[in-house]
Amino acid sequence: MASRPQSFKIHVPATSANIGPGFDVVGLSLSLYLTLTVTVPDPSAASSSERPSISYTGEGAEEVPLDAYKNLTTRVALYVLRCNGVLSFPSGLTIHAHNEIPFGRGLGSSGAAVIAGVLLGDTLGHFGLSRERMLDFALMVERHPDNVTAALVGGFVGSYLRELDPSATQAASVPLSEVLPEYPPDAGPDWGRDPPLPPTGIGHYVRFGWAKEIRAIAIIPRFELSTAKAREVLPQSYSRKDLVFNMQRLAVLTTALSRSPPDPDLIYEAMKDRVHQPYRRGLIPGLPEVTSLITPDSHPGLLGICLSGAGPTILALAIGSFEAIAEDARKIFREKGVEVDWLVLDVVSEGSYVEDRS
Ligand SMILES: Nc1ncnc2c1ncn2[C@@H]1O[C@H](COP(=O)(O)OP(=O)(O)O)[C@@H](O)[C@H]1O
Ligand SMILES: N[C@@H](CCOP(=O)(O)O)C(=O)O
C-alpha cells in the first residue's frame, strides 16, 4: 500500500453495447465520463478511520449509496484488493465521483462503475494488473463483455468469453452476492478474506477501425430500465433464421463502420437486429417506430439506428443532420408519452485511464 500521500484521478467512458446485431458482443466507448478523484493521505497523518469517505455529484447522485461497503465501485475495488491479499481500504481514503453517465439508460453506467472499481483497487494496491487481468475481474461482476471491454480499452470493440474448463467454469459461476458481498458495517478485517478469484483469460477482444466522421446521437428517454429487467424478456433460444440474420449483418457492420466515407445503404441494414430489440419493444414505447421511421432517405447523414445496450436510449450513428434526427425522434417518442433528452457524442479511442496527481 502507499507509503506517501497519493492523489490520482480515474476516467472511465460511457459505452453503447450491441449496435444492433452484436448482442453481448460489440461495444463503443462514448465521450461521457465517470471520473473519480482519489486521495490517500500519508499513513502517519491518516485518522484511525478505516472507512473511506465518498462524495458524489452528477448523474445518479440522489440514489447512489455513499457507504463504501454498498457502493458498486468501491465494492469492486475491495474485491480486487482482497483477491490480491490486501484486506481493507487504506485509512483516510477519500473518493469524489463525478458522473456524466445516466443510470439505467443503456449507456453502460454499471459497466463504467465496475471498471472504475477495478482501476481503483489496482491503483490503491499498486498491483500493476494487466488489462487482460483487469477484464477478468470486471467479468466476474458484469458478465457480458461488451460494455466493460469497450469502457476499459476504448473505441469500437468486439469481444468473446473463452470457454472455460469445468473448474474455471465453477469459479466464474459464483453468485454475484458472493463475488460482491455487501460488507456488513461491523465487518472485521477477516471478513470476506477469501473471495472467489477470477479464472485467468476469461475475456478476449479485438478493436475494430472507426471512421472518424461518424458521431453518435444518444436519444435518452427520461425513464430508467435496468439491464437485468431488459434481459429477463429475452428468449432462451433462437431460430437459425434469426441468428443468421444477425451474423450476416454483424460481419458487414464491423468493417462498414471503419470505411470513409461511410456507406449508409450498407450500414442502415447492417444495424438491424432480431435477437434482442424485438423482445424489448414492450419495455420501450416508441422503439419500433423510431428505428423504422428515421432512415437515411428521410434524414440524409443518418447511417443507422438501434437500441443502445439494453435501452431505453436509442443510438443513431450519423455524419450530419444530428439535430433533425434527434428532434424527430423526440416527436415520435412524445406521441407515445415519452419525454427524451439528447446528446451528440464522439466515439473515443482512449479507454479508461488513471491520471497521477501526486
Ligand atoms: N457511478 C456509479 N456508482 C455506483 N453505482 C452505479 C454507478 N453507475 C451505475 N451504478 C449502478 O448500476 C445501476 C444501473 O445499471 P444497469 O441497470 O446495468 O444500467 P446501465 O445501462 O446504466 O448500465 C444503477 O442503478 C446503480 O445501482
Ligand atoms: N448486451 C447487453 C448490454 C447492456 O448494456 P447496458 O448499457 O444497458 O447495461 C444487453 O443488451 O443486455
# chains A, B, ... in the order shown; residues from 1 in each chain; ligands from 1

$ select_by_dssp --residues "region 127-358 of chain A" --states "alpha helix (DSSP H)" --output "ChimeraX atom specification"
/A:131-141,145-153,166-172,176-179,227-232,240-256,264-270,277-280,287-293,322-335

$ write_last_selection --atoms "C-alpha atoms" --output "JSON list (two decimals), in the first residue's frame"
[["chain", "number", "residue", "atom", "x", "y", "z"],
["A", 131, "ARG", "CA", -5.58, -5.04, -18.92],
["A", 132, "GLU", "CA", -6.43, -8.69, -19.53],
["A", 133, "ARG", "CA", -6.42, -9.42, -15.79],
["A", 134, "MET", "CA", -8.48, -6.30, -15.11],
["A", 135, "LEU", "CA", -11.02, -7.61, -17.60],
["A", 136, "ASP", "CA", -11.16, -10.92, -15.70],
["A", 137, "PHE", "CA", -12.10, -9.05, -12.51],
["A", 138, "ALA", "CA", -14.71, -6.94, -14.33],
["A", 139, "LEU", "CA", -16.24, -10.05, -15.92],
["A", 140, "MET", "CA", -16.76, -11.67, -12.52],
["A", 141, "VAL", "CA", -19.17, -8.81, -11.81],
["A", 145, "PRO", "CA", -18.22, -8.47, -22.02],
["A", 146, "ASP", "CA", -19.46, -5.78, -24.43],
["A", 147, "ASN", "CA", -19.72, -2.74, -22.10],
["A", 148, "VAL", "CA", -16.82, -3.43, -19.76],
["A", 149, "THR", "CA", -14.40, -4.24, -22.59],
["A", 150, "ALA", "CA", -15.26, -1.08, -24.54],
["A", 151, "ALA", "CA", -15.07, 1.01, -21.34],
["A", 152, "LEU", "CA", -11.67, -0.47, -20.47],
["A", 153, "VAL", "CA", -9.92, -0.40, -23.86],
["A", 166, "PRO", "CA", -15.00, -27.26, -15.58],
["A", 167, "SER", "CA", -13.14, -25.89, -12.54],
["A", 168, "ALA", "CA", -12.76, -22.43, -14.07],
["A", 169, "THR", "CA", -16.44, -22.52, -15.07],
["A", 170, "GLN", "CA", -17.33, -23.22, -11.48],
["A", 171, "ALA", "CA", -15.08, -20.38, -10.26],
["A", 172, "ALA", "CA", -16.65, -17.97, -12.75],
["A", 176, "LEU", "CA", -22.71, -12.22, -7.63],
["A", 177, "SER", "CA", -23.65, -11.93, -3.97],
["A", 178, "GLU", "CA", -20.52, -13.92, -3.14],
["A", 179, "VAL", "CA", -18.23, -12.06, -5.52],
["A", 227, "THR", "CA", -30.36, -4.12, -17.69],
["A", 228, "ALA", "CA", -31.42, -7.10, -15.58],
["A", 229, "LYS", "CA", -35.09, -6.45, -16.35],
["A", 230, "ALA", "CA", -34.38, -5.95, -20.06],
["A", 231, "ARG", "CA", -32.53, -9.30, -20.16],
["A", 232, "GLU", "CA", -35.38, -11.17, -18.48],
["A", 240, "ARG", "CA", -31.45, -20.41, -37.21],
["A", 241, "LYS", "CA", -33.04, -17.81, -39.49],
["A", 242, "ASP", "CA", -32.78, -15.06, -36.86],
["A", 243, "LEU", "CA", -29.22, -15.98, -35.88],
["A", 244, "VAL", "CA", -28.08, -15.97, -39.49],
["A", 245, "PHE", "CA", -29.85, -12.62, -39.99],
["A", 246, "ASN", "CA", -27.78, -11.10, -37.16],
["A", 247, "MET", "CA", -24.47, -12.76, -38.02],
["A", 248, "GLN", "CA", -24.66, -11.61, -41.65],
["A", 249, "ARG", "CA", -25.23, -8.04, -40.54],
["A", 250, "LEU", "CA", -22.62, -8.03, -37.78],
["A", 251, "ALA", "CA", -19.93, -9.35, -40.12],
["A", 252, "VAL", "CA", -20.61, -6.48, -42.52],
["A", 253, "LEU", "CA", -21.08, -3.80, -39.85],
["A", 254, "THR", "CA", -17.70, -4.16, -38.15],
["A", 255, "THR", "CA", -15.88, -3.24, -41.35],
["A", 256, "ALA", "CA", -18.51, -0.89, -42.80],
["A", 264, "PRO", "CA", -25.48, 4.50, -45.39],
["A", 265, "ASP", "CA", -27.10, 1.82, -47.59],
["A", 266, "LEU", "CA", -24.81, -0.84, -46.16],
["A", 267, "ILE", "CA", -24.82, 0.39, -42.56],
["A", 268, "TYR", "CA", -28.55, 1.08, -42.12],
["A", 269, "GLU", "CA", -29.47, -2.50, -42.98],
["A", 270, "ALA", "CA", -26.45, -3.89, -41.08],
["A", 277, "GLN", "CA", -34.70, -5.44, -29.91],
["A", 278, "PRO", "CA", -37.96, -7.19, -30.95],
["A", 279, "TYR", "CA", -38.31, -8.63, -27.44],
["A", 280, "ARG", "CA", -37.59, -5.33, -25.70],
["A", 287, "LEU", "CA", -38.80, 1.80, -30.07],
["A", 288, "PRO", "CA", -40.12, 0.17, -33.29],
["A", 289, "GLU", "CA", -41.43, 3.48, -34.63],
["A", 290, "VAL", "CA", -38.20, 5.45, -34.00],
["A", 291, "THR", "CA", -36.00, 2.75, -35.52],
["A", 292, "SER", "CA", -38.17, 2.32, -38.61],
["A", 293, "LEU", "CA", -39.36, 5.88, -39.38],
["A", 322, "PHE", "CA", -27.81, 15.48, -35.90],
["A", 323, "GLU", "CA", -30.44, 17.89, -34.60],
["A", 324, "ALA", "CA", -33.12, 16.86, -37.12],
["A", 325, "ILE", "CA", -32.62, 13.18, -36.27],
["A", 326, "ALA", "CA", -32.84, 13.83, -32.54],
["A", 327, "GLU", "CA", -35.79, 16.23, -32.72],
["A", 328, "ASP", "CA", -37.77, 13.91, -34.99],
["A", 329, "ALA", "CA", -37.09, 11.02, -32.63],
["A", 330, "ARG", "CA", -38.28, 13.27, -29.80],
["A", 331, "LYS", "CA", -41.59, 13.87, -31.64],
["A", 332, "ILE", "CA", -42.15, 10.14, -32.19],
["A", 333, "PHE", "CA", -41.41, 9.37, -28.54],
["A", 334, "ARG", "CA", -43.67, 12.22, -27.39],
["A", 335, "GLU", "CA", -46.60, 10.67, -29.29]]

$ residues_near_ligand --ligand "ligand 2" --cutoff "6 Å" --atoms "only C-alpha atoms and all ligand atoms" --output "list in words"
Ser16, Ala17, Asn18, Phe23, Asp24, Gly106, Leu107, Gly108, Thr227, Arg231, Gly309, Ala310 and Gly311 of chain A

$ closest_atom_pairs --of "chain A" --to "ligand 1" --cutoff "9 Å" --atoms "only C-alpha atoms and all ligand atoms" --output "tab-separated table"
residue	atom	partner	partner_atom_place_in_ligand_line	distance
A:Ala14	CA	ligand 1	22 (O)	8.9
A:Thr15	CA	ligand 1	23 (O)	8.7
A:Ser16	CA	ligand 1	21 (O)	8.7
A:Leu34	CA	ligand 1	1 (N)	6.3
A:Thr35	CA	ligand 1	1 (N)	8.6
A:Tyr56	CA	ligand 1	1 (N)	8.5
A:Glu59	CA	ligand 1	1 (N)	7.9
A:Gly60	CA	ligand 1	8 (N)	7.1
A:Ala61	CA	ligand 1	1 (N)	8.7
A:Glu63	CA	ligand 1	25 (O)	7.7
A:Val64	CA	ligand 1	4 (C)	5.6
A:Pro65	CA	ligand 1	4 (C)	7.1
A:Leu66	CA	ligand 1	4 (C)	8.6
A:Lys70	CA	ligand 1	4 (C)	8.8
A:Asn71	CA	ligand 1	4 (C)	5.3
A:Leu72	CA	ligand 1	4 (C)	4.6
A:Thr73	CA	ligand 1	4 (C)	5.5
A:Thr74	CA	ligand 1	4 (C)	8.1
A:Ala97	CA	ligand 1	1 (N)	7.1
A:His98	CA	ligand 1	1 (N)	7.9
A:Asn99	CA	ligand 1	1 (N)	6.0
A:Glu100	CA	ligand 1	1 (N)	8.8
A:Ile101	CA	ligand 1	8 (N)	7.3
A:Pro102	CA	ligand 1	22 (O)	6.2
A:Phe103	CA	ligand 1	22 (O)	4.1
A:Gly104	CA	ligand 1	19 (O)	3.4
A:Arg105	CA	ligand 1	21 (O)	4.8
A:Gly106	CA	ligand 1	21 (O)	3.5
A:Leu107	CA	ligand 1	21 (O)	5.0
A:Gly108	CA	ligand 1	23 (O)	3.8
A:Ser109	CA	ligand 1	22 (O)	3.8
A:Ser110	CA	ligand 1	23 (O)	3.9
A:Gly111	CA	ligand 1	23 (O)	5.7
A:Ala112	CA	ligand 1	8 (N)	6.7
A:Ala113	CA	ligand 1	2 (C)	4.7
A:Val114	CA	ligand 1	7 (C)	8.0
A:Ala116	CA	ligand 1	1 (N)	8.3
A:Glu142	CA	ligand 1	18 (O)	8.4
A:Asn147	CA	ligand 1	23 (O)	8.2
A:Glu224	CA	ligand 1	19 (O)	7.9
A:Leu225	CA	ligand 1	17 (O)	6.4
A:Ser226	CA	ligand 1	17 (O)	3.4
A:Thr227	CA	ligand 1	17 (O)	4.0
A:Ala228	CA	ligand 1	17 (O)	6.1
A:Lys229	CA	ligand 1	17 (O)	7.9
A:Ala230	CA	ligand 1	17 (O)	8.6
A:Ser308	CA	ligand 1	21 (O)	8.6
A:Gly309	CA	ligand 1	21 (O)	6.5
A:Ala310	CA	ligand 1	21 (O)	6.3
A:Gly311	CA	ligand 1	21 (O)	6.9
A:Pro312	CA	ligand 1	21 (O)	8.5
A:Thr313	CA	ligand 1	21 (O)	8.9

$ write_last_selection --atoms "N, CA and C atoms" --output "compact mmCIF listing (two decimals), in the first residue's frame"
# COMPACT_ATOMS: atom_id res chain seq x y z
N ALA A 14 -18.47 6.27 -20.97
CA ALA A 14 -19.74 5.58 -21.19
C ALA A 14 -19.58 4.63 -22.38
N THR A 15 -20.52 3.71 -22.52
CA THR A 15 -20.48 2.80 -23.66
C THR A 15 -21.87 2.55 -24.22
N SER A 16 -21.88 2.19 -25.49
CA SER A 16 -23.13 1.73 -26.09
C SER A 16 -22.84 0.33 -26.62
N LEU A 34 -17.40 8.87 -16.26
CA LEU A 34 -17.39 8.74 -14.80
C LEU A 34 -15.95 9.06 -14.38
N THR A 35 -15.79 10.03 -13.48
CA THR A 35 -14.45 10.43 -13.05
C THR A 35 -14.36 10.31 -11.53
N TYR A 56 -20.20 12.52 -4.12
CA TYR A 56 -20.66 12.13 -5.45
C TYR A 56 -21.48 13.27 -6.04
N GLU A 59 -24.91 12.57 -12.42
CA GLU A 59 -25.99 11.60 -12.65
C GLU A 59 -26.02 10.54 -11.55
N GLY A 60 -27.21 10.30 -11.03
CA GLY A 60 -27.38 9.25 -10.02
C GLY A 60 -27.07 9.70 -8.61
N ALA A 61 -26.74 11.00 -8.43
CA ALA A 61 -26.30 11.47 -7.11
C ALA A 61 -27.36 11.24 -6.03
N GLU A 63 -29.43 8.74 -5.79
CA GLU A 63 -29.71 7.34 -5.45
C GLU A 63 -28.48 6.50 -5.12
N VAL A 64 -27.29 6.99 -5.43
CA VAL A 64 -26.13 6.12 -5.26
C VAL A 64 -25.73 6.02 -3.78
N PRO A 65 -25.42 4.81 -3.30
CA PRO A 65 -25.01 4.71 -1.89
C PRO A 65 -23.62 5.31 -1.69
N LEU A 66 -23.46 6.04 -0.59
CA LEU A 66 -22.16 6.65 -0.30
C LEU A 66 -21.38 5.83 0.73
N LYS A 70 -21.31 -0.56 0.26
CA LYS A 70 -22.54 -0.78 -0.52
C LYS A 70 -22.41 -0.25 -1.95
N ASN A 71 -21.54 0.72 -2.14
CA ASN A 71 -21.37 1.36 -3.45
C ASN A 71 -20.70 0.39 -4.44
N LEU A 72 -21.26 0.30 -5.65
CA LEU A 72 -20.75 -0.69 -6.62
C LEU A 72 -19.25 -0.51 -6.90
N THR A 73 -18.82 0.72 -7.13
CA THR A 73 -17.41 0.96 -7.47
C THR A 73 -16.47 0.54 -6.34
N THR A 74 -16.79 0.94 -5.12
CA THR A 74 -15.88 0.62 -4.02
C THR A 74 -15.97 -0.85 -3.62
N ALA A 97 -16.66 11.15 -6.69
CA ALA A 97 -17.08 10.68 -8.01
C ALA A 97 -17.88 11.78 -8.69
N HIS A 98 -17.54 12.07 -9.93
CA HIS A 98 -18.41 12.94 -10.74
C HIS A 98 -18.86 12.12 -11.94
N ASN A 99 -20.16 11.99 -12.10
CA ASN A 99 -20.68 11.07 -13.11
C ASN A 99 -21.55 11.77 -14.15
N GLU A 100 -21.18 11.60 -15.42
CA GLU A 100 -21.99 12.18 -16.51
C GLU A 100 -22.87 11.12 -17.17
N ILE A 101 -22.77 9.86 -16.73
CA ILE A 101 -23.45 8.76 -17.44
C ILE A 101 -24.78 8.46 -16.75
N PRO A 102 -25.91 8.70 -17.42
CA PRO A 102 -27.19 8.45 -16.74
C PRO A 102 -27.37 6.99 -16.38
N PHE A 103 -27.99 6.76 -15.24
CA PHE A 103 -28.21 5.38 -14.75
C PHE A 103 -29.34 4.69 -15.52
N GLY A 104 -29.16 3.42 -15.77
CA GLY A 104 -30.24 2.58 -16.27
C GLY A 104 -30.81 3.03 -17.60
N ARG A 105 -29.97 3.56 -18.48
CA ARG A 105 -30.47 4.07 -19.77
C ARG A 105 -29.87 3.33 -20.95
N GLY A 106 -28.97 2.36 -20.70
CA GLY A 106 -28.33 1.69 -21.82
C GLY A 106 -27.07 2.38 -22.29
N LEU A 107 -26.45 3.16 -21.41
CA LEU A 107 -25.19 3.83 -21.76
C LEU A 107 -24.03 3.34 -20.89
N GLY A 108 -24.21 2.14 -20.34
CA GLY A 108 -23.10 1.48 -19.67
C GLY A 108 -22.69 2.08 -18.32
N SER A 109 -23.65 2.64 -17.57
CA SER A 109 -23.23 3.24 -16.27
C SER A 109 -22.69 2.18 -15.33
N SER A 110 -23.32 1.00 -15.31
CA SER A 110 -22.83 -0.02 -14.36
C SER A 110 -21.48 -0.58 -14.82
N GLY A 111 -21.31 -0.75 -16.13
CA GLY A 111 -20.01 -1.21 -16.64
C GLY A 111 -18.92 -0.21 -16.28
N ALA A 112 -19.23 1.09 -16.40
CA ALA A 112 -18.24 2.12 -16.06
C ALA A 112 -17.92 2.08 -14.56
N ALA A 113 -18.96 1.88 -13.74
CA ALA A 113 -18.73 1.82 -12.28
C ALA A 113 -17.84 0.63 -11.93
N VAL A 114 -18.05 -0.49 -12.63
CA VAL A 114 -17.25 -1.70 -12.37
C VAL A 114 -15.79 -1.47 -12.79
N ALA A 116 -14.27 1.37 -13.11
CA ALA A 116 -13.67 2.35 -12.17
C ALA A 116 -13.23 1.62 -10.90
N GLU A 142 -19.75 -8.02 -14.04
CA GLU A 142 -20.65 -7.72 -15.17
C GLU A 142 -20.39 -8.85 -16.17
N ASN A 147 -19.93 -4.07 -22.70
CA ASN A 147 -19.72 -2.74 -22.10
C ASN A 147 -18.36 -2.62 -21.42
N GLU A 224 -35.80 5.06 -16.37
CA GLU A 224 -34.75 4.05 -16.24
C GLU A 224 -35.30 2.67 -16.56
N LEU A 225 -34.47 1.85 -17.16
CA LEU A 225 -34.80 0.44 -17.40
C LEU A 225 -33.57 -0.35 -16.98
N SER A 226 -33.71 -1.18 -15.97
CA SER A 226 -32.50 -1.88 -15.52
C SER A 226 -32.13 -2.94 -16.56
N THR A 227 -30.84 -3.13 -16.72
CA THR A 227 -30.36 -4.12 -17.69
C THR A 227 -30.90 -5.50 -17.31
N ALA A 228 -30.93 -5.78 -16.02
CA ALA A 228 -31.42 -7.10 -15.58
C ALA A 228 -32.85 -7.32 -16.07
N LYS A 229 -33.69 -6.31 -15.92
CA LYS A 229 -35.09 -6.45 -16.35
C LYS A 229 -35.17 -6.62 -17.87
N ALA A 230 -34.34 -5.87 -18.59
CA ALA A 230 -34.38 -5.95 -20.06
C ALA A 230 -33.77 -7.25 -20.58
N SER A 308 -29.59 1.38 -27.77
CA SER A 308 -28.26 1.43 -27.15
C SER A 308 -28.26 0.47 -25.96
N GLY A 309 -27.39 -0.52 -25.98
CA GLY A 309 -27.35 -1.50 -24.89
C GLY A 309 -28.72 -2.12 -24.69
N ALA A 310 -29.14 -2.21 -23.44
CA ALA A 310 -30.44 -2.79 -23.12
C ALA A 310 -31.55 -1.74 -23.16
N GLY A 311 -31.20 -0.49 -23.55
CA GLY A 311 -32.18 0.57 -23.64
C GLY A 311 -32.39 1.24 -22.29
N PRO A 312 -33.30 2.23 -22.27
CA PRO A 312 -34.18 2.67 -23.34
C PRO A 312 -33.56 3.66 -24.34
N THR A 313 -32.28 4.04 -24.18
CA THR A 313 -31.69 5.01 -25.11
C THR A 313 -31.64 4.44 -26.53

$ select_by_dssp --residues "region 112-293 of chain A" --states "strand (DSSP E)" --output "PyMOL selection string"
chain A and resi 156-161+203-208+215-221

$ write_last_selection --atoms "N, CA and C atoms" --output "mmCIF file, in the first residue's frame"
data_model
loop_
_atom_site.group_PDB
_atom_site.id
_atom_site.type_symbol
_atom_site.label_atom_id
_atom_site.label_comp_id
_atom_site.auth_asym_id
_atom_site.auth_seq_id
_atom_site.Cartn_x
_atom_site.Cartn_y
_atom_site.Cartn_z
ATOM 1 N N PHE A 156 -14.180 1.018 -30.778
ATOM 2 C CA PHE A 156 -15.225 0.089 -31.243
ATOM 3 C C PHE A 156 -14.619 -1.306 -31.080
ATOM 4 N N VAL A 157 -15.214 -2.102 -30.217
ATOM 5 C CA VAL A 157 -14.547 -3.325 -29.756
ATOM 6 C C VAL A 157 -15.486 -4.533 -29.857
ATOM 7 N N GLY A 158 -14.934 -5.662 -30.297
ATOM 8 C CA GLY A 158 -15.674 -6.926 -30.275
ATOM 9 C C GLY A 158 -15.018 -7.848 -29.260
ATOM 10 N N SER A 159 -15.820 -8.620 -28.534
ATOM 11 C CA SER A 159 -15.218 -9.489 -27.513
ATOM 12 C C SER A 159 -15.978 -10.797 -27.389
ATOM 13 N N TYR A 160 -15.265 -11.802 -26.905
ATOM 14 C CA TYR A 160 -15.929 -13.069 -26.583
ATOM 15 C C TYR A 160 -15.403 -13.581 -25.256
ATOM 16 N N LEU A 161 -16.181 -14.472 -24.649
ATOM 17 C CA LEU A 161 -15.757 -15.117 -23.410
ATOM 18 C C LEU A 161 -15.198 -16.482 -23.783
ATOM 19 N N GLY A 203 -11.957 -13.093 -20.800
ATOM 20 C CA GLY A 203 -12.434 -12.299 -21.938
ATOM 21 C C GLY A 203 -11.339 -12.020 -22.959
ATOM 22 N N HIS A 204 -11.712 -12.033 -24.233
ATOM 23 C CA HIS A 204 -10.769 -11.730 -25.321
ATOM 24 C C HIS A 204 -11.424 -10.722 -26.251
ATOM 25 N N TYR A 205 -10.631 -9.809 -26.787
ATOM 26 C CA TYR A 205 -11.253 -8.750 -27.582
ATOM 27 C C TYR A 205 -10.377 -8.339 -28.760
ATOM 28 N N VAL A 206 -11.002 -7.623 -29.684
ATOM 29 C CA VAL A 206 -10.261 -7.003 -30.789
ATOM 30 C C VAL A 206 -10.886 -5.637 -31.026
ATOM 31 N N ARG A 207 -10.037 -4.664 -31.339
ATOM 32 C CA ARG A 207 -10.569 -3.329 -31.660
ATOM 33 C C ARG A 207 -10.744 -3.207 -33.156
ATOM 34 N N PHE A 208 -11.893 -2.732 -33.574
ATOM 35 C CA PHE A 208 -12.146 -2.500 -34.995
ATOM 36 C C PHE A 208 -11.761 -1.059 -35.321
ATOM 37 N N ARG A 215 -20.464 10.232 -35.854
ATOM 38 C CA ARG A 215 -20.758 10.619 -34.465
ATOM 39 C C ARG A 215 -21.993 9.854 -33.992
ATOM 40 N N ALA A 216 -22.170 9.861 -32.689
ATOM 41 C CA ALA A 216 -23.261 9.082 -32.099
ATOM 42 C C ALA A 216 -24.271 10.033 -31.460
ATOM 43 N N ILE A 217 -25.527 9.889 -31.846
ATOM 44 C CA ILE A 217 -26.583 10.681 -31.201
ATOM 45 C C ILE A 217 -27.258 9.750 -30.199
ATOM 46 N N ALA A 218 -27.217 10.141 -28.935
ATOM 47 C CA ALA A 218 -27.899 9.341 -27.899
ATOM 48 C C ALA A 218 -29.215 10.041 -27.588
ATOM 49 N N ILE A 219 -30.326 9.353 -27.877
ATOM 50 C CA ILE A 219 -31.658 9.910 -27.606
ATOM 51 C C ILE A 219 -32.137 9.179 -26.350
ATOM 52 N N ILE A 220 -32.194 9.912 -25.250
ATOM 53 C CA ILE A 220 -32.263 9.286 -23.921
ATOM 54 C C ILE A 220 -33.626 9.512 -23.274
ATOM 55 N N PRO A 221 -34.504 8.502 -23.253
ATOM 56 C CA PRO A 221 -35.792 8.670 -22.581
ATOM 57 C C PRO A 221 -35.602 8.981 -21.098
#

$ residues_around --residues "Ile19 (chain A)" --least-positions-apart "3" --cutoff "7 Å" --atoms "only C-alpha atoms" --output "list in words"
Gly22, Val26, Met271, Cys306 and Ser308 of chain A

$ atom_distance --atom1 "CA of Val344 (chain A)" --atom2 "CA of Ser29 (chain A)"
13.3 Å

$ residues_around --residues "Leu180 (chain A)" --least-positions-apart "5" --cutoff "9 Å" --atoms "only C-alpha atoms" --output "PyMOL selection string"
chain A and resi 72+75-76+78-79+141+175+195

$ residues_around --residues "Leu81 (chain A)" --least-positions-apart "5" --cutoff "8 Å" --atoms "only C-alpha atoms" --output "list in words"
Val86, Leu87, Ser88, Phe89, Gly121, Asp122, Leu124 and Gly125 of chain A

$ atom_distance --atom1 "CA of Glu62 (chain A)" --atom2 "CA of Leu36 (chain A)"
17.2 Å

$ residues_around --residues "Ile54 (chain A)" --least-positions-apart "3" --cutoff "9 Å" --atoms "only C-alpha atoms" --output "list in words"
Leu66, Asp67, Ala68, Leu93, Thr94, Ile95, His96 and Ala97 of chain A

$ atom_distance --atom1 "CA of Ser298 (chain A)" --atom2 "CA of Asp263 (chain A)"
15.6 Å

$ closest_residue --among "A:Leu120, A:Leu343, A:Val174, A:Val233" --to "Phe8 (chain A)" --atoms "only C-alpha atoms"
A:Leu120
